[in-house]
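Right, one structure below, let's go through it.
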Amino acid sequence: MSKINGTTSKYTATTATLVMIFYVFSLIMISSCFAENREIYLVLMEGGVPVAFHGSSNVSPSTFVDRSRSSSNLNSDVLKAHAKKLVDSHDQILESTLETGNYNKLYSFKHIVNGFAVHTTPSQAEKLKNSPQIKLVERDRGAKLMTTYSPQFLGLPEGVWKQEDTGRGGGGGGGDRHNNAAGEGIVIGFVDSGINPLHPSFVYDPLNPLIKKPNNSTPYFSGACETGPQFPVGSCNGKIISARFFSAGAQAVAPLNSSVDFLSPFDAVGHGSHVASTAAGNAGVPVMVNGFHYGEASGMAPRARIAVYKAVYPTIGTLTDVVAAIDQATHDGVDVLTLSVGPDEPPSDTITFLSVFDVFLLYARRAGVFVVQAAGNQGPAASTVVSYSPWAMSAAACSTDRTYPSSLHLGNGQNVRGVGLSGPTLGKGLIFSKLVLANDALKQGGTFPRTPEYVEECQFPEAFDPNIVRGSVIICTFSAGFYNETSTLTAIINTARTLRFFGFLLIANPAYGDYIAEPVPFDVPGIMIPKVVLKYYEQQTVRDERGFVTKFGAQAAIGEGRVVSFEGRAPTVSRFSSRGPDFIDIHKTPTDVLKPDILAPGHQIWAAWGPISALEPILTGYNFALLSGTSMATPHIVGIGALIKQYNPSWTPSMIASAITTTATKYDNYGDLIMAEGSDTSLYNGTHFDFGAGLVNATRAIDPGLVLSSGFDDYINFLCSLPNVDPHTIKAATGEWCNQPLSHPANLNLPSVTISALAGSLTLRRSFMNVVNKSETYMCSVVPPKGTVVGLYPPWFTIAPQGTQDLDIQFNVSQALGQFSFGEIVLTGSLNHIVRIPLSVKPVSFDCK
């Protein structure tokens, strides 16, 4: 019995041990299941004046900061000590609030805002939110990336570049910066994917009169040249005068690929180089692709200097790295800031104007930087803009009248238009070859998968019978793989090259509908035809009872696709370009700000590229690329802003924005209202929510006659006038109390008027400043939006040099439409200045509320 009992006791002890182990293991498993994933949070702190606004007795916390402060002042011991004090306060709040080992500080923001970025868990972030020293905590939403002919299309070489200084009002001084054309002495900052320093668009050539070393022309700028992989010492050369990279956010949330995610300012994507060269690339750079000369490229302001702030990587982009770059660029002293990157969605827990990203832009504007954002590439649906705030200018994208027509010639004499930057098939496209549908050229009995990628999309050479396809023009199909983004044009080209196609065409699969095609350089003859063109092929093809081809009778040739044509309607707003109206929250509630602000070329723009081309394999090895997007429109406005700043050095960013807006045209080259592409690329009459004020006019923007100006106080007062916004929320985001809210948000002194809900009547005011050195008399006229009656008081006025004039605008509802309608105010000057103010109004009722 004792033995049995002893055995039982041993068994019981073992069982208890196992139960305990299982219990502990279960606790570990349960805790791991509920373990929090770390995320990046952007944090703004109470108090603590940022470096850009510190130490000047004549600069209050809410006034414009003089950009002429020298770099020696910017880097003085006093400012360095103040910056250290801010950083120490960030470390102290983290150490006292969060658990050791549960966070990693990524950046201290100290130049234009007081705050930091931290990588931690949601529960730790909640502790920060509850700290009295913290104003705002916001989760990082991530960041995404958003020419040869556009300078001529905008009238630059024969216009602005050749203009001499006329001493226009507002210029006041400026020294050497004021006396040379094409952006001389202006520094443009680019927050993007970096730059390719070896590209000819960015080289320093002492024999080229459009490139001069900065010497003393940029005394206020204090950048630095960071080196690293693919970006050696000497990459900053006088054209590129500063280059930095920001990667703490990217490295915190994703494993980076060392073969493409270079920790240096080098551009492995190509996007940053494209944007920089469009704004400020050297003039007269030959565009050579696959041995063909497409013309000569130039930036909008080819003498401007380039400061690079790499913040987006092939693997990932974070908003944290982007705002760190904005903070540094402003501190360095850039004149203009280019943002063809940014958040791709509105904030979910605050109004659009008060996201951390937009707060950074507000303070960059306060520091005197002209900021231009891409409007977004989510059109043509309404309220898709990703640029919201009145203190940053947003650019929509349009076409020019330059196209690259390509044709497929069929054996029956029919010619089909298509897209493709490639040379012709045999005999300059005059000799016909056998036309074969990919599905009819498969290996009989092959072991490859019978999926669209193998069967009809030409992705894999092993699927085809070489004897059929060699020396033929092959019909590939845009089908499931392209629809799911698993198939590529690169694979078609590889198949064509491997099997020696004479050429290929990519047509649409009827099951997936037509597709949108953009010209891409092919090193084999190719053409994309977004519609189905199989009728002729089937008529000429003989099949047996099983459906197998016994005779290929169709013939085809591909014509030259690289020769440019200048014809047709232009500009038209591009289908992808994001549309207004602007909105205040995630529910897309309309607000009283016009977005987009302005229209610029962004469709099929030639500019510099990086040969690694990490995100676009089809462009690997190329030094130039033809791209479309509001990312391409943005640097056009940036470069023109640089030209305006050069001619008028004392102008504030809002004055520059006003000059661009009020001188734009809303008519195309046919004299009609600018049209916009719909989802099926059909055209409709555009509105201010498609093209903003209209197409930028560089020549007129240099000399606008009148400008409208807004300062930091005005923006705070605007925020405070927004309906249903708690003043404490504004204080938390901006650090400013609501002391003088506007009578209505639309009373912000913008060069446009947007009223999201007009009930009964409303009187607004706009204040103009004469920036011409002569008095001028203006006659006031108005084209009222439908459903409204608009009165202007006074109906005319004479304004002295540097003088100001208020214009009262009275709106009355005549018909409650319940939807937006559009008009404009036109001020016609006796010195030939014309000032246009876009009107966008939604009349909702006759009753004043």
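Naming works like this for the structure tokens: A, B, ... for the chains as they're shown, residue 1 at the start of each chain, ligands 1 onward in shown order.
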
### Query
Among region 173-293 of chain A, which residues carry a DSSP assignment of strand (DSSP E), reported as a list in words?
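Written out, the strand (DSSP E) residues of region 173-293 of chain A are Val187, Ile188, Gly189, Phe190, Val191, Asp192, Ile240, Ile241, Ser242, Ala243, Arg244, Phe245, Val285, Pro286, Val287, Met288, Val289, Phe292 and His293 of chain A.
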
#### Entry: helix (DSSP H, G or I) positions in region 530-656 of chain A, given as a PyMOL selection string
chain A and resi 535-540+617-619+630-647+653-656

Next, write the just-selected residues to a file, as an mmCIF file, in the first residue's frame, keeping N, CA and C atoms as the atom set.
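Saved result, again-v7.cif, follows:
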```cif
data_model
loop_
_atom_site.group_PDB
_atom_site.id
_atom_site.type_symbol
_atom_site.label_atom_id
_atom_site.label_comp_id
_atom_site.auth_asym_id
_atom_site.auth_seq_id
_atom_site.Cartn_x
_atom_site.Cartn_y
_atom_site.Cartn_z
ATOM 1 N N LYS A 535 -11.554 42.537 -83.473
ATOM 2 C CA LYS A 535 -12.450 42.185 -84.580
ATOM 3 C C LYS A 535 -11.674 41.832 -85.839
ATOM 4 N N TYR A 536 -10.725 42.683 -86.231
ATOM 5 C CA TYR A 536 -9.923 42.406 -87.439
ATOM 6 C C TYR A 536 -9.127 41.123 -87.269
ATOM 7 N N TYR A 537 -8.543 40.921 -86.107
ATOM 8 C CA TYR A 537 -7.730 39.722 -85.866
ATOM 9 C C TYR A 537 -8.565 38.457 -86.053
ATOM 10 N N GLU A 538 -9.763 38.411 -85.475
ATOM 11 C CA GLU A 538 -10.593 37.214 -85.571
ATOM 12 C C GLU A 538 -11.077 36.983 -87.007
ATOM 13 N N GLN A 539 -11.300 38.070 -87.748
ATOM 14 C CA GLN A 539 -11.739 37.928 -89.137
ATOM 15 C C GLN A 539 -10.661 37.269 -90.001
ATOM 16 N N GLN A 540 -9.409 37.495 -89.663
ATOM 17 C CA GLN A 540 -8.302 37.008 -90.484
ATOM 18 C C GLN A 540 -7.669 35.721 -89.942
ATOM 19 N N PRO A 617 10.392 49.566 -61.827
ATOM 20 C CA PRO A 617 11.405 48.761 -62.528
ATOM 21 C C PRO A 617 11.498 49.061 -64.013
ATOM 22 N N ILE A 618 10.395 49.462 -64.635
ATOM 23 C CA ILE A 618 10.422 49.703 -66.068
ATOM 24 C C ILE A 618 11.315 50.891 -66.430
ATOM 25 N N LEU A 619 11.602 51.759 -65.439
ATOM 26 C CA LEU A 619 12.448 52.932 -65.685
ATOM 27 C C LEU A 619 13.876 52.735 -65.187
ATOM 28 N N THR A 630 0.084 65.168 -59.285
ATOM 29 C CA THR A 630 0.175 66.499 -58.685
ATOM 30 C C THR A 630 1.562 66.717 -58.080
ATOM 31 N N SER A 631 2.317 65.639 -57.880
ATOM 32 C CA SER A 631 3.730 65.775 -57.510
ATOM 33 C C SER A 631 4.505 66.537 -58.574
ATOM 34 N N MET A 632 4.081 66.407 -59.830
ATOM 35 C CA MET A 632 4.750 67.085 -60.932
ATOM 36 C C MET A 632 4.259 68.521 -61.080
ATOM 37 N N ALA A 633 2.988 68.776 -60.697
ATOM 38 C CA ALA A 633 2.459 70.142 -60.765
ATOM 39 C C ALA A 633 3.080 71.031 -59.698
ATOM 40 N N THR A 634 3.293 70.474 -58.515
ATOM 41 C CA THR A 634 3.786 71.251 -57.374
ATOM 42 C C THR A 634 5.085 71.998 -57.664
ATOM 43 N N PRO A 635 6.129 71.344 -58.225
ATOM 44 C CA PRO A 635 7.373 72.087 -58.449
ATOM 45 C C PRO A 635 7.258 73.192 -59.492
ATOM 46 N N HIS A 636 6.257 73.124 -60.366
ATOM 47 C CA HIS A 636 6.039 74.257 -61.274
ATOM 48 C C HIS A 636 5.674 75.509 -60.482
ATOM 49 N N ILE A 637 4.771 75.359 -59.503
ATOM 50 C CA ILE A 637 4.376 76.496 -58.682
ATOM 51 C C ILE A 637 5.530 76.918 -57.776
ATOM 52 N N VAL A 638 6.275 75.954 -57.275
ATOM 53 C CA VAL A 638 7.443 76.253 -56.440
ATOM 54 C C VAL A 638 8.449 77.112 -57.200
ATOM 55 N N GLY A 639 8.765 76.710 -58.426
ATOM 56 C CA GLY A 639 9.740 77.462 -59.210
ATOM 57 C C GLY A 639 9.260 78.861 -59.530
ATOM 58 N N ILE A 640 7.987 78.989 -59.853
ATOM 59 C CA ILE A 640 7.430 80.323 -60.137
ATOM 60 C C ILE A 640 7.411 81.159 -58.864
ATOM 61 N N GLY A 641 7.115 80.526 -57.721
ATOM 62 C CA GLY A 641 7.199 81.244 -56.448
ATOM 63 C C GLY A 641 8.606 81.758 -56.188
ATOM 64 N N ALA A 642 9.618 80.967 -56.575
ATOM 65 C CA ALA A 642 11.008 81.400 -56.417
ATOM 66 C C ALA A 642 11.306 82.608 -57.294
ATOM 67 N N LEU A 643 10.773 82.623 -58.510
ATOM 68 C CA LEU A 643 10.978 83.771 -59.402
ATOM 69 C C LEU A 643 10.342 85.029 -58.823
ATOM 70 N N ILE A 644 9.126 84.875 -58.263
ATOM 71 C CA ILE A 644 8.452 86.030 -57.661
ATOM 72 C C ILE A 644 9.258 86.534 -56.467
ATOM 73 N N LYS A 645 9.742 85.627 -55.653
ATOM 74 C CA LYS A 645 10.538 86.010 -54.478
ATOM 75 C C LYS A 645 11.812 86.717 -54.894
ATOM 76 N N GLN A 646 12.418 86.294 -55.978
ATOM 77 C CA GLN A 646 13.637 86.950 -56.457
ATOM 78 C C GLN A 646 13.357 88.382 -56.884
ATOM 79 N N TYR A 647 12.239 88.588 -57.586
ATOM 80 C CA TYR A 647 11.900 89.925 -58.063
ATOM 81 C C TYR A 647 11.373 90.817 -56.949
ATOM 82 N N PRO A 653 5.073 85.201 -47.788
ATOM 83 C CA PRO A 653 4.499 84.064 -48.525
ATOM 84 C C PRO A 653 3.065 84.302 -48.980
ATOM 85 N N SER A 654 2.247 84.964 -48.163
ATOM 86 C CA SER A 654 0.859 85.187 -48.574
ATOM 87 C C SER A 654 0.784 86.151 -49.751
ATOM 88 N N MET A 655 1.710 87.085 -49.851
ATOM 89 C CA MET A 655 1.741 87.991 -50.999
ATOM 90 C C MET A 655 2.113 87.228 -52.269
ATOM 91 N N ILE A 656 3.064 86.295 -52.147
ATOM 92 C CA ILE A 656 3.453 85.470 -53.296
ATOM 93 C C ILE A 656 2.273 84.616 -53.740
#
```

### Query
Of the candidates A:Tyr667, A:Phe689, A:Tyr309, A:Phe712, which shows the shortest atom-to-atom distance to Val323 (chain A), using only C-alpha atoms?
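Of A:Tyr667, A:Phe689, A:Tyr309, A:Phe712, the one nearest Val323 (chain A), counting only C-alpha atoms, is A:Tyr309.
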
### Task
Give the answer as one residue: which of A:Leu764, A:Val524, A:Leu136, A:Ala759 has the shortest atom-to-atom distance to Ser355 (chain A), using only C-alpha atoms?
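Between A:Leu764, A:Val524, A:Leu136, A:Ala759, the residue approaching Ser355 (chain A) most closely is A:Leu136.
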
### Task
Rounded to one decimal place, report the CA of Ile112 (chain A)-CA of Tyr363 (chain A) distance in Å.
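Separation of CA of Ile112 (chain A) and CA of Tyr363 (chain A): 5.8 Å.
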
Give me the region 270-388 of chain A side of the contact with region 395-398 of chain A, cut-off 9 Å, one line per residue showing its nearest atom pair and distance in Å at one decimal, counting only C-alpha atoms, sorted by chain and residue number, as a tab-separated table.
```
residue	atom	partner	partner_atom	distance
A:Val372	CA	A:Ala395	CA	7.2
A:Gln373	CA	A:Ala395	CA	6.4
A:Ala374	CA	A:Ala395	CA	5.2
A:Ala375	CA	A:Ala395	CA	5.3
A:Gly376	CA	A:Ala396	CA	7.7
A:Asn377	CA	A:Ala396	CA	8.9
A:Ser387	CA	A:Ala395	CA	8.8
```

### Task
Would you kindly return, as a list in words, each protein, DNA or RNA residue with an atom no farther than 7 Å from any atom of region 734-748 of chain A, considering only C-alpha atoms and excluding same-chain residues fewer than 2 positions away?
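What passes the distance filter is Val359, Asp592, Asp714, Asn717, Phe718, Cys720, Ser721, Leu722, Pro727, Ile730, Lys731, Ala732, Leu750, Val753, Thr754, Ile755, Leu764 and Arg765 of chain A.
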
Resulting file, chosen residues, all heavy atoms, as a compact mmCIF listing (two decimals), in the first residue's frame:
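And here is the file that came out, out.txt:
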```txt
# COMPACT_ATOMS: atom_id res chain seq x y z
N VAL A 359 0.00 72.04 -38.56
CA VAL A 359 0.57 72.98 -37.60
C VAL A 359 2.02 73.30 -37.96
O VAL A 359 2.47 74.45 -37.89
CB VAL A 359 0.47 72.43 -36.16
CG1 VAL A 359 1.27 73.28 -35.19
CG2 VAL A 359 -0.99 72.39 -35.72
N ASP A 592 -14.72 76.92 -45.51
CA ASP A 592 -14.70 78.17 -46.27
C ASP A 592 -13.30 78.53 -46.79
O ASP A 592 -12.83 79.66 -46.61
CB ASP A 592 -15.26 79.30 -45.41
CG ASP A 592 -16.66 79.00 -44.93
OD1 ASP A 592 -17.59 79.06 -45.76
OD2 ASP A 592 -16.84 78.67 -43.74
N ASP A 714 -3.85 86.46 -38.35
CA ASP A 714 -5.06 86.27 -39.16
C ASP A 714 -5.45 84.80 -39.23
O ASP A 714 -6.64 84.46 -39.18
CB ASP A 714 -4.83 86.82 -40.57
CG ASP A 714 -4.50 88.29 -40.58
OD1 ASP A 714 -5.23 89.06 -39.92
OD2 ASP A 714 -3.51 88.67 -41.22
N ASN A 717 -7.02 83.82 -35.96
CA ASN A 717 -8.37 84.37 -35.90
C ASN A 717 -9.33 83.59 -36.80
O ASN A 717 -10.51 83.41 -36.47
CB ASN A 717 -8.37 85.85 -36.30
CG ASN A 717 -7.58 86.71 -35.32
OD1 ASN A 717 -7.39 86.32 -34.17
ND2 ASN A 717 -7.12 87.86 -35.77
N PHE A 718 -8.82 83.14 -37.94
CA PHE A 718 -9.62 82.28 -38.82
C PHE A 718 -10.00 80.99 -38.11
O PHE A 718 -11.18 80.57 -38.11
CB PHE A 718 -8.83 81.99 -40.10
CG PHE A 718 -9.28 80.77 -40.85
CD1 PHE A 718 -10.42 80.80 -41.64
CD2 PHE A 718 -8.57 79.58 -40.76
CE1 PHE A 718 -10.84 79.67 -42.33
CE2 PHE A 718 -8.98 78.44 -41.44
CZ PHE A 718 -10.12 78.49 -42.23
N CYS A 720 -10.20 80.42 -35.02
CA CYS A 720 -11.12 80.71 -33.91
C CYS A 720 -12.54 81.02 -34.37
O CYS A 720 -13.47 81.01 -33.57
CB CYS A 720 -10.58 81.86 -33.08
SG CYS A 720 -9.01 81.47 -32.24
N SER A 721 -12.72 81.33 -35.65
CA SER A 721 -14.05 81.64 -36.17
C SER A 721 -14.75 80.41 -36.74
O SER A 721 -15.92 80.50 -37.13
CB SER A 721 -13.95 82.71 -37.26
OG SER A 721 -13.28 82.20 -38.40
N LEU A 722 -14.05 79.27 -36.78
CA LEU A 722 -14.66 78.06 -37.35
C LEU A 722 -15.78 77.57 -36.45
O LEU A 722 -15.65 77.55 -35.23
CB LEU A 722 -13.60 76.97 -37.51
CG LEU A 722 -12.48 77.25 -38.52
CD1 LEU A 722 -11.39 76.19 -38.42
CD2 LEU A 722 -13.04 77.30 -39.95
N PRO A 727 -12.14 76.45 -28.59
CA PRO A 727 -10.93 77.29 -28.49
C PRO A 727 -9.78 76.59 -27.78
O PRO A 727 -8.61 76.86 -28.08
CB PRO A 727 -11.42 78.52 -27.71
CG PRO A 727 -12.88 78.58 -27.98
CD PRO A 727 -13.33 77.17 -28.08
N ILE A 730 -7.80 74.69 -30.28
CA ILE A 730 -6.91 75.58 -31.06
C ILE A 730 -5.69 75.95 -30.23
O ILE A 730 -4.55 75.93 -30.72
CB ILE A 730 -7.68 76.84 -31.50
CG1 ILE A 730 -8.82 76.43 -32.43
CG2 ILE A 730 -6.76 77.85 -32.16
CD1 ILE A 730 -9.81 77.54 -32.74
N LYS A 731 -5.90 76.25 -28.96
CA LYS A 731 -4.78 76.58 -28.07
C LYS A 731 -3.82 75.39 -27.96
O LYS A 731 -2.60 75.55 -27.98
CB LYS A 731 -5.32 76.96 -26.69
CG LYS A 731 -4.24 77.15 -25.61
CD LYS A 731 -3.31 78.31 -25.92
CE LYS A 731 -2.46 78.71 -24.72
NZ LYS A 731 -1.56 77.66 -24.27
N ALA A 732 -4.39 74.18 -27.85
CA ALA A 732 -3.55 72.99 -27.71
C ALA A 732 -2.67 72.77 -28.93
O ALA A 732 -1.51 72.38 -28.81
CB ALA A 732 -4.43 71.76 -27.47
N LEU A 750 -8.01 86.13 -47.98
CA LEU A 750 -7.45 85.27 -49.03
C LEU A 750 -7.74 85.85 -50.41
O LEU A 750 -8.70 86.62 -50.57
CB LEU A 750 -8.07 83.87 -48.93
CG LEU A 750 -7.80 83.07 -47.66
CD1 LEU A 750 -8.58 81.76 -47.69
CD2 LEU A 750 -6.30 82.79 -47.53
N VAL A 753 -12.76 83.72 -52.47
CA VAL A 753 -13.86 83.71 -51.50
C VAL A 753 -14.60 82.39 -51.65
O VAL A 753 -15.07 82.04 -52.75
CB VAL A 753 -14.84 84.87 -51.71
CG1 VAL A 753 -16.04 84.74 -50.77
CG2 VAL A 753 -14.15 86.21 -51.52
N THR A 754 -14.71 81.64 -50.55
CA THR A 754 -15.46 80.39 -50.53
C THR A 754 -16.43 80.45 -49.35
O THR A 754 -16.01 80.70 -48.22
CB THR A 754 -14.53 79.17 -50.38
OG1 THR A 754 -13.58 79.18 -51.44
CG2 THR A 754 -15.33 77.87 -50.41
N ILE A 755 -17.72 80.25 -49.62
CA ILE A 755 -18.74 80.25 -48.57
C ILE A 755 -19.44 78.90 -48.64
O ILE A 755 -20.16 78.60 -49.60
CB ILE A 755 -19.75 81.40 -48.75
CG1 ILE A 755 -19.01 82.75 -48.86
CG2 ILE A 755 -20.74 81.43 -47.60
CD1 ILE A 755 -19.92 83.92 -49.19
N LEU A 764 -18.58 90.42 -46.62
CA LEU A 764 -17.18 90.10 -46.37
C LEU A 764 -16.32 91.26 -46.82
O LEU A 764 -16.76 92.16 -47.54
CB LEU A 764 -16.77 88.83 -47.11
CG LEU A 764 -17.59 87.57 -46.82
CD1 LEU A 764 -17.14 86.42 -47.71
CD2 LEU A 764 -17.47 87.19 -45.35
N ARG A 765 -15.07 91.22 -46.41
CA ARG A 765 -14.14 92.29 -46.79
C ARG A 765 -12.83 91.69 -47.28
O ARG A 765 -12.33 90.70 -46.73
CB ARG A 765 -13.88 93.23 -45.61
CG ARG A 765 -12.83 94.32 -45.89
CD ARG A 765 -12.81 95.35 -44.78
NE ARG A 765 -14.05 96.15 -44.83
CZ ARG A 765 -14.33 97.12 -43.96
NH1 ARG A 765 -13.49 97.38 -42.96
NH2 ARG A 765 -15.45 97.81 -44.06
```

### Task
Just the residues within 7 Å of region 223-234 of chain A, please, counting only C-alpha atoms, with nothing from its chain fewer than 3 positions along; format it as a PyMOL selection string.
chain A and resi 237+242-244+262-266+332

Could you save those same residues with N, CA and C atoms as an mmCIF file, in the first residue's frame?
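The new file again39.cif reads:
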```cif
data_model
loop_
_atom_site.group_PDB
_atom_site.id
_atom_site.type_symbol
_atom_site.label_atom_id
_atom_site.label_comp_id
_atom_site.auth_asym_id
_atom_site.auth_seq_id
_atom_site.Cartn_x
_atom_site.Cartn_y
_atom_site.Cartn_z
ATOM 1 N N ASN A 237 27.494 70.995 -54.610
ATOM 2 C CA ASN A 237 28.438 71.505 -55.600
ATOM 3 C C ASN A 237 28.230 72.962 -55.985
ATOM 4 N N SER A 242 22.852 72.134 -50.097
ATOM 5 C CA SER A 242 22.641 71.482 -48.811
ATOM 6 C C SER A 242 21.911 70.178 -49.071
ATOM 7 N N ALA A 243 22.216 69.150 -48.274
ATOM 8 C CA ALA A 243 21.526 67.863 -48.432
ATOM 9 C C ALA A 243 21.539 67.136 -47.093
ATOM 10 N N ARG A 244 20.366 66.794 -46.626
ATOM 11 C CA ARG A 244 20.226 66.071 -45.361
ATOM 12 C C ARG A 244 19.262 64.901 -45.566
ATOM 13 N N PHE A 262 18.931 53.770 -48.916
ATOM 14 C CA PHE A 262 20.230 54.332 -48.564
ATOM 15 C C PHE A 262 20.092 55.377 -47.466
ATOM 16 N N LEU A 263 20.895 55.236 -46.421
ATOM 17 C CA LEU A 263 20.897 56.223 -45.350
ATOM 18 C C LEU A 263 21.830 57.361 -45.743
ATOM 19 N N SER A 264 21.355 58.118 -46.687
ATOM 20 C CA SER A 264 22.065 59.282 -47.235
ATOM 21 C C SER A 264 21.041 60.074 -48.027
ATOM 22 N N PRO A 265 21.389 61.273 -48.515
ATOM 23 C CA PRO A 265 20.437 62.041 -49.327
ATOM 24 C C PRO A 265 20.232 61.496 -50.737
ATOM 25 N N PHE A 266 20.871 60.393 -51.090
ATOM 26 C CA PHE A 266 20.760 59.865 -52.450
ATOM 27 C C PHE A 266 19.350 59.377 -52.742
ATOM 28 N N ASP A 332 17.080 76.038 -41.542
ATOM 29 C CA ASP A 332 18.205 76.296 -42.441
ATOM 30 C C ASP A 332 18.033 77.599 -43.198
#
```

### Task
Identify, on the basis of only C-alpha atoms, every residue whose closest approach to Gly101 (chain A) does not exceed 12 Å; exclude the query and any residue fewer than 5 positions from it along the same chain; express the result as a PyMOL selection string.
chain A and resi 38+94-95+119-121+124

Print the selection's residues with C-alpha atoms to a file, as a PDB file, in the first residue's frame.
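Resulting contents of part-v6.pdb:
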```pdb
ATOM      1  CA  ARG A  38       4.526  50.204 -30.964  1.00  0.00           C
ATOM      2  CA  LEU A  94       9.528  61.273 -21.402  1.00  0.00           C
ATOM      3  CA  GLU A  95      11.601  60.034 -18.482  1.00  0.00           C
ATOM      4  CA  HIS A 119       8.019  55.349 -30.861  1.00  0.00           C
ATOM      5  CA  THR A 120       5.937  53.719 -28.149  1.00  0.00           C
ATOM      6  CA  THR A 121       2.756  51.805 -27.346  1.00  0.00           C
ATOM      7  CA  GLN A 124       2.178  54.871 -23.103  1.00  0.00           C
TER       8      GLN A 124
END
```
